[in-house]
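Asks: Questions regarding the structure given below will be posed in turn.
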Amino acid sequence: MKKGHIIGIGIIAIAIVIIMTSIGDASSYETFNTALEMKQDGNDKAIHVVGQLKKNPSGEVEGLQVRDDKTSFTFILVDNDGTEQEVFYNEPVPADFTRSESVVVIGSYKNDEIFIADKILMKCPSKYQETEVQAAGM
Amino acid sequence: MINTFIGNLGHLMTIVAFVSSLVTAFAYYKYFSANEIEKASWQKFSRISFYVHAVASVLVAFSLFEIIYNHRFEYFYAYSHSSKALPVHYMISSFWEGQEGAFILWIFWNVVLGLFLIHTNKKWEAPVMIVFSLVQAFLVSMILGVVIGDLKLGSSPFILLRDATQAPIFEVNPDFIPEDGTGLNPLLQNIWMVIHPPTLFLGYASTLVPFAFLIGGLVTKRYSEWIRPALPWAIFSAMVLGMGIIMGAYWAYVTLNFGGYWNWDPVENAVYVPWLILVASIHTMITFKKSATALKTSIVLVILSFILVLYATFLVRSGVLGDASVHSFTDLGLSGQLLIYLLFFLFISVFLAIRAWKHIPTSEKEASVYSREFWVFIGATTLGLMGFQVILPTSIPAWNALVESFGGISNMAPPADQVEFYTKFQLWFGVAIALLTAVGQFFWWQKMDKKALKDALLTPYIISVVIAALVIVLAKVYDWKYMIIVVAGTFTVVANAVILSRILKNSTFKLAGGSLAHIGLGMILIGIMFSSGYSDTISINMSGLTYSNSWEDELNKEHVLLWINKPTQMKDYTVIYRGRQKKVVGIPEYVPAKILESTGNVNEAIALEDYKDFIKKGDKVNLVLEENDYFKIDYYQNEVLKFSLSPMSQFNQNMGGLISSPDSKIYFDRDLYTYVAAMNDYEDPEWKDDQFHEVSPGEQFHIADYVTYFDGAEVLNQIEGYTLQEGDVAVKAKLRVLDYDVEKKLEPTFIIRNNQVGKLPVVDNELGIKVTLDNILPEQNKFVFKVNQYQKDYVVMKAIVKPYINVLWIGSIIMLIGFTVAIFRRFDEFKKMRDKGME
């Protein structure tokens, strides 16, 4: 066998390892129901859940509880299927948290009651809104 | 009055730039294919056409800047990207905050590069400029803003606000101009953001140059000659792009609060990968110049680096990343256009390369293990695999979009822990690259066989093992992975330093580019290992609280809650939060926010007290961005104040709330990096129920939890901001409130006029109390104080020690110097050949 072939096989082998781990380590978008099923099946992998904060009819966020030392908090997220779930986040409340339109939590169930978010991504209302232009003019 | 002239000028110039770029492409094509007699006149015409394009492009940029500079908020771009309070240098950032501005910047750099190429090339001018003009046509089309039927071509930065939004105000008054813009994203209000985007875009733009030479070479069948003129530009591009990346990393480190300089965010990955491929292409091109091998690899890599830049642009700016990135770029509807741009050049270059493939000279003989070609090839391959490992997961959102566009469902998401995921590969690739550069350099400069290699490597190997052992012991590197990195990094530095000293002794500094860049690489590797691998969060688990559930006690709390004035232990330091400060124009230090009161004008305040020698009471001062708060945190060791840090936060309604920036104490061997993650909001406090205290002068009592002395009362003849009339009685109570080592004087006032009572309460935001002198009971000699409580001021802070981060920055600078030396050398080679009439 020529050296070139060995190198070629080596490159292909590394490339396959890269592809396999990329697929294997890739996370997925789930709902709370499917995430809980995964947890009960013994799969602790961190997954993404997209949802909105629970709000009362007048539009205020409900169920936000900040711990006494203000370094962590829990909140209630309603996923796209409408399932409500208490989520714990081990960071201070991001300042624009309650204003966010949708929230992506990345993490997994700790037990059947609580979902632990390792990371939160927030989508905030678009900068350019009609009301804001008007407000700027007032 | 709405000024439509400047917008129309900008728009017109955009169209001129677009048309002239197409004309230039056509003219250069005619020049290229014309016979000798007509060539001169076509050349003249082509150049004039490109000059027209250049002038138009510059005027486009000028128009947009004029709109921002003169606060023309009738234009959507100025309204949404700037505001009156912005200083001029941040207006420059406003220019490229929007995507349209970024495209203009890109166009501008291509114009500069194009002009330079026209005047430094002879034979290459026509083919290279055809590629340039076509690229320009695509880029200008992004800002064209022309709608043909349902087809929207580009997004113009020159549209008026009333056309961009359907705000009801414009139905009432079409000539309405907003008072102020919504401002620049505060994260971009940083000096690095003024220079980082132009650098990055020059890097982006310059990848076009080697690509254009390559296309020219393939078309004119000069399959190998294109390397010489392309090489200095490829190195230039890698240098500038690398500088842009480092600046971005540094900006993230000093401005963003994710705790570091690199986060493996898709936007970062999208520049990192083209850079890796570009670096790989430089190495194969240099190899080709030396020994006529690796030409095909060079061609593939140059095409790849150019296409990857377009792909990066597509990923970042098409909105396809969506939730996956913290950098939110809104979709301007350009994704289709970007995709066509990418596919056009991908198709052309692949077609030309395939057509030429069998004519491209290759060397038949297999490269020996003791040849430099072999090692450079392995190095280039490793770089390629490194890039592949990053671009693959980064493309997951694009993959989802692709599956969904064919009606499928894909719920793949990027890896949950990106840092861990990428690090576990990139770390070992980094080690491999470090070792390859060390060994490769020896192969490069001398002929090698088994024995020569052993002789050459033995000394550097021993030296680096000794140094590495010292580093490992002294810096306590006990993780075997990190030990390997230290050894690999030192080996690179030592081996290349040996080569460098040999070059300097035997030859000129001009040849030192490679070894310098590689020394930088070794230092970068070591710096990254220390600053990231041994980064130590010292604000951890400070609260001592226990929770109702056991799992929560197991989690590390990485933040510390600091109440104002209350000393808190944090590893080796005792830290005390001392309150908010503002930055005032012309004063070298921060000024406490409590002595400043806004006048209502933008960035203007009035001083309520003297402050050192800088401010007298009643002075009007100008603030540097009034919405910025700097939180003063004092650090004590053994009761001695060592230093203060002032991490910043900005509350910006328009930009979606709070933005916070770190502050670091920089030592030679480490940084103490801190930022504020949450703070008290005392703008609109919810006061708790009234509490009443009846106190005699001289007595001590408690307001909230604070020990308070009532030192007595005083009848006033005059009150600030209040005109006393004949017969009025005004009484001021003097209170001293103690909070740790701070003593505060609070003086609520009580006024009687015509049997009516007026009360002037005092509010202390830092202590979160409001004290009112509610009544005076003369017969009992008692004063009644009404106290309302809110919340004491606090910040929640994170503090991280990052050891040896300076090694990373210094290594980066050395690497950039290495690149620069190489640019000059390669450009000299090109110039010599050109002046001999060869190019």
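In the structure tokens, chains take letters A, B, ... by order of appearance, with residues numbered from 1 within each chain and ligands from 1 in the order shown.
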Select residues of chain B: the criterion is any atom within 6 Å of an atom of chain A, counting only C-alpha atoms; output as a PyMOL selection string.
Replies: chain B and resi 167+178+389+393+411-416+559+657-658
Asks: For the helix (DSSP H, G or I) assignment from backbone DSSP, which residues of region 8-132 of chain A qualify? Please present them as an mmCIF file with N, CA and C atoms, in the first residue's frame.
Replies:
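Dumped to out_36.cif:
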data_model
loop_
_atom_site.group_PDB
_atom_site.id
_atom_site.type_symbol
_atom_site.label_atom_id
_atom_site.label_comp_id
_atom_site.auth_asym_id
_atom_site.auth_seq_id
_atom_site.Cartn_x
_atom_site.Cartn_y
_atom_site.Cartn_z
ATOM 1 N N GLY A 8 -4.816 9.015 2.868
ATOM 2 C CA GLY A 8 -6.189 9.192 2.405
ATOM 3 C C GLY A 8 -7.181 8.496 3.315
ATOM 4 N N ILE A 9 -6.855 7.252 3.699
ATOM 5 C CA ILE A 9 -7.754 6.511 4.585
ATOM 6 C C ILE A 9 -7.847 7.205 5.937
ATOM 7 N N GLY A 10 -6.692 7.699 6.409
ATOM 8 C CA GLY A 10 -6.681 8.426 7.689
ATOM 9 C C GLY A 10 -7.595 9.633 7.655
ATOM 10 N N ILE A 11 -7.490 10.430 6.575
ATOM 11 C CA ILE A 11 -8.329 11.625 6.456
ATOM 12 C C ILE A 11 -9.803 11.244 6.466
ATOM 13 N N ILE A 12 -10.122 10.214 5.660
ATOM 14 C CA ILE A 12 -11.523 9.802 5.601
ATOM 15 C C ILE A 12 -11.999 9.324 6.966
ATOM 16 N N ALA A 13 -11.135 8.586 7.668
ATOM 17 C CA ALA A 13 -11.511 8.092 8.994
ATOM 18 C C ALA A 13 -11.809 9.256 9.932
ATOM 19 N N ILE A 14 -10.909 10.260 9.939
ATOM 20 C CA ILE A 14 -11.137 11.408 10.830
ATOM 21 C C ILE A 14 -12.425 12.129 10.438
ATOM 22 N N ALA A 15 -12.620 12.292 9.124
ATOM 23 C CA ALA A 15 -13.830 12.978 8.661
ATOM 24 C C ALA A 15 -15.078 12.238 9.125
ATOM 25 N N ILE A 16 -15.041 10.905 9.066
ATOM 26 C CA ILE A 16 -16.215 10.131 9.509
ATOM 27 C C ILE A 16 -16.439 10.318 11.007
ATOM 28 N N VAL A 17 -15.332 10.290 11.770
ATOM 29 C CA VAL A 17 -15.468 10.524 13.214
ATOM 30 C C VAL A 17 -16.116 11.877 13.465
ATOM 31 N N ILE A 18 -15.658 12.894 12.715
ATOM 32 C CA ILE A 18 -16.213 14.242 12.892
ATOM 33 C C ILE A 18 -17.707 14.243 12.586
ATOM 34 N N ILE A 19 -18.080 13.620 11.481
ATOM 35 C CA ILE A 19 -19.497 13.616 11.102
ATOM 36 C C ILE A 19 -20.325 12.881 12.151
ATOM 37 N N MET A 20 -19.823 11.716 12.576
ATOM 38 C CA MET A 20 -20.587 10.937 13.546
ATOM 39 C C MET A 20 -20.766 11.696 14.861
ATOM 40 N N THR A 21 -19.683 12.318 15.370
ATOM 41 C CA THR A 21 -19.841 13.031 16.641
ATOM 42 C C THR A 21 -20.716 14.264 16.477
ATOM 43 N N SER A 22 -20.653 14.896 15.288
ATOM 44 C CA SER A 22 -21.511 16.058 15.076
ATOM 45 C C SER A 22 -22.965 15.651 15.174
ATOM 46 N N ILE A 23 -23.295 14.511 14.563
ATOM 47 C CA ILE A 23 -24.678 14.040 14.630
ATOM 48 C C ILE A 23 -24.993 13.577 16.044
ATOM 49 N N GLY A 24 -24.034 12.833 16.631
ATOM 50 C CA GLY A 24 -24.267 12.294 17.968
ATOM 51 C C GLY A 24 -24.412 13.370 19.026
ATOM 52 N N ASP A 25 -23.598 14.437 18.928
ATOM 53 C CA ASP A 25 -23.641 15.479 19.949
ATOM 54 C C ASP A 25 -24.649 16.562 19.640
ATOM 55 N N PHE A 32 -41.999 19.775 26.052
ATOM 56 C CA PHE A 32 -41.785 19.286 27.416
ATOM 57 C C PHE A 32 -42.217 17.825 27.546
ATOM 58 N N ASN A 33 -43.266 17.456 26.824
ATOM 59 C CA ASN A 33 -43.715 16.066 26.911
ATOM 60 C C ASN A 33 -42.663 15.093 26.381
ATOM 61 N N THR A 34 -42.136 15.392 25.203
ATOM 62 C CA THR A 34 -41.131 14.478 24.655
ATOM 63 C C THR A 34 -39.849 14.526 25.475
ATOM 64 N N ALA A 35 -39.549 15.696 26.039
ATOM 65 C CA ALA A 35 -38.345 15.809 26.866
ATOM 66 C C ALA A 35 -38.481 14.954 28.122
ATOM 67 N N LEU A 36 -39.678 14.967 28.699
ATOM 68 C CA LEU A 36 -39.902 14.168 29.902
ATOM 69 C C LEU A 36 -39.815 12.677 29.581
ATOM 70 N N GLU A 37 -40.352 12.310 28.426
ATOM 71 C CA GLU A 37 -40.245 10.903 28.003
ATOM 72 C C GLU A 37 -38.780 10.502 27.881
ATOM 73 N N MET A 38 -37.992 11.400 27.271
ATOM 74 C CA MET A 38 -36.564 11.099 27.121
ATOM 75 C C MET A 38 -35.919 10.864 28.472
ATOM 76 N N LYS A 39 -36.248 11.750 29.425
ATOM 77 C CA LYS A 39 -35.675 11.643 30.764
ATOM 78 C C LYS A 39 -36.076 10.303 31.405
ATOM 79 N N GLN A 40 -37.375 9.929 31.227
ATOM 80 C CA GLN A 40 -37.839 8.688 31.844
ATOM 81 C C GLN A 40 -37.211 7.456 31.184
ATOM 82 N N PHE A 97 -35.679 39.819 30.457
ATOM 83 C CA PHE A 97 -36.320 38.507 30.438
ATOM 84 C C PHE A 97 -37.839 38.594 30.292
ATOM 85 N N THR A 98 -38.471 39.423 31.118
ATOM 86 C CA THR A 98 -39.937 39.447 31.113
ATOM 87 C C THR A 98 -40.500 40.084 29.850
ATOM 88 N N ARG A 99 -39.657 40.765 29.107
ATOM 89 C CA ARG A 99 -40.124 41.399 27.879
ATOM 90 C C ARG A 99 -39.998 40.493 26.654
ATOM 91 N N GLU A 130 -44.417 49.928 15.106
ATOM 92 C CA GLU A 130 -45.186 51.130 14.824
ATOM 93 C C GLU A 130 -45.371 51.974 16.074
ATOM 94 N N THR A 131 -45.735 51.296 17.166
ATOM 95 C CA THR A 131 -45.993 52.037 18.394
ATOM 96 C C THR A 131 -44.769 52.828 18.821
ATOM 97 N N GLU A 132 -43.598 52.258 18.568
ATOM 98 C CA GLU A 132 -42.413 52.944 19.043
ATOM 99 C C GLU A 132 -42.110 54.189 18.239
#
Asks: Could you state the separation of CA of Thr199 (chain B) and CA of Leu241 (chain B) in Å, given to one decimal place?
Replies: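 Between CA of Thr199 (chain B) and CA of Leu241 (chain B) the gap is 7.0 Å.
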Asks: Within 12 Å of region 33-38 of chain B, counting only C-alpha atoms, which residues qualify if same-chain residues fewer than 3 places away don't, as a PyMOL selection string?
Replies: chain B and resi 26-30+41-45+126-127+130+219-220
Asks: Need to verify the contact set: Phe76 (chain B), 7 Å, only C-alpha atoms, exclusion of same-chain residues closer than 4 positions in sequence. Can you return it as an mmCIF file with N, CA and C atoms, in the first residue's frame?
Replies:
data_model
loop_
_atom_site.group_PDB
_atom_site.id
_atom_site.type_symbol
_atom_site.label_atom_id
_atom_site.label_comp_id
_atom_site.auth_asym_id
_atom_site.auth_seq_id
_atom_site.Cartn_x
_atom_site.Cartn_y
_atom_site.Cartn_z
ATOM 1 N N SER B 80 -33.046 54.247 12.992
ATOM 2 C CA SER B 80 -32.928 52.984 13.710
ATOM 3 C C SER B 80 -31.502 52.654 14.134
ATOM 4 N N ILE B 159 -34.108 54.547 2.252
ATOM 5 C CA ILE B 159 -35.558 54.740 2.295
ATOM 6 C C ILE B 159 -35.932 55.614 3.494
ATOM 7 N N LEU B 160 -37.012 56.358 3.308
ATOM 8 C CA LEU B 160 -37.498 57.231 4.366
ATOM 9 C C LEU B 160 -38.246 56.396 5.398
ATOM 10 N N LEU B 161 -38.264 56.936 6.606
ATOM 11 C CA LEU B 161 -38.943 56.241 7.702
ATOM 12 C C LEU B 161 -40.408 55.996 7.358
ATOM 13 N N ALA B 164 -40.753 53.030 5.323
ATOM 14 C CA ALA B 164 -40.306 51.773 5.923
ATOM 15 C C ALA B 164 -41.304 51.248 6.948
#
Asks: With only C-alpha atoms as the counted atoms, please give the residues lying no more than 12 Å from Ala432 (chain B), apart from itself and same-chain residues fewer than 2 positions off, as a PyMOL selection string.
Replies: chain B and resi 375+378-383+385-386+425-430+434-440+484-485+487-489+491-492+521-522+525
Asks: Write a file of the selected residues as a PDB file, in the first residue's frame, keeping C-alpha atoms.
Replies:
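File result_7.pdb, as written:
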ATOM      1  CA  TRP B 375       4.657  17.935   6.007  1.00  0.00           C
ATOM      2  CA  ILE B 378      -0.317  17.132   6.271  1.00  0.00           C
ATOM      3  CA  GLY B 379      -0.540  20.567   7.883  1.00  0.00           C
ATOM      4  CA  ALA B 380      -2.913  21.881   5.241  1.00  0.00           C
ATOM      5  CA  THR B 381      -5.041  18.773   5.606  1.00  0.00           C
ATOM      6  CA  THR B 382      -5.215  19.210   9.363  1.00  0.00           C
ATOM      7  CA  LEU B 383      -6.331  22.830   8.891  1.00  0.00           C
ATOM      8  CA  LEU B 385     -10.275  19.046   8.891  1.00  0.00           C
ATOM      9  CA  MET B 386     -10.316  21.669  11.643  1.00  0.00           C
ATOM     10  CA  PHE B 425     -11.698  18.490  18.741  1.00  0.00           C
ATOM     11  CA  GLN B 426     -10.034  21.844  18.173  1.00  0.00           C
ATOM     12  CA  LEU B 427      -7.744  21.291  21.141  1.00  0.00           C
ATOM     13  CA  TRP B 428      -6.126  18.224  19.588  1.00  0.00           C
ATOM     14  CA  PHE B 429      -6.063  19.718  16.136  1.00  0.00           C
ATOM     15  CA  GLY B 430      -4.302  22.680  17.707  1.00  0.00           C
ATOM     16  CA  ALA B 434       1.724  23.152  16.733  1.00  0.00           C
ATOM     17  CA  LEU B 435       3.872  20.033  16.366  1.00  0.00           C
ATOM     18  CA  LEU B 436       3.662  20.174  12.580  1.00  0.00           C
ATOM     19  CA  THR B 437       4.833  23.789  12.445  1.00  0.00           C
ATOM     20  CA  ALA B 438       7.811  22.946  14.609  1.00  0.00           C
ATOM     21  CA  VAL B 439       8.877  19.929  12.586  1.00  0.00           C
ATOM     22  CA  GLY B 440       7.791  21.441   9.284  1.00  0.00           C
ATOM     23  CA  ILE B 484       0.456  18.061  26.349  1.00  0.00           C
ATOM     24  CA  ILE B 485      -0.619  21.493  25.171  1.00  0.00           C
ATOM     25  CA  VAL B 487       4.718  20.794  25.692  1.00  0.00           C
ATOM     26  CA  ALA B 488       3.413  21.233  22.145  1.00  0.00           C
ATOM     27  CA  GLY B 489       3.192  25.006  22.510  1.00  0.00           C
ATOM     28  CA  PHE B 491       8.091  23.052  21.332  1.00  0.00           C
ATOM     29  CA  THR B 492       6.630  25.246  18.586  1.00  0.00           C
ATOM     30  CA  LEU B 521       0.786  30.354  17.182  1.00  0.00           C
ATOM     31  CA  GLY B 522       2.561  28.482  19.968  1.00  0.00           C
ATOM     32  CA  LEU B 525      -2.128  27.954  22.119  1.00  0.00           C
TER      33      LEU B 525
END
Asks: Write out as a ChimeraX atom specification each polymer residue whose atoms come within 9 Å of Leu338 (chain B), counting only C-alpha atoms; drop sequence neighbours fewer than 5 positions from it.
Replies: /B:138-139,142,310-311,313-314,317-318,343
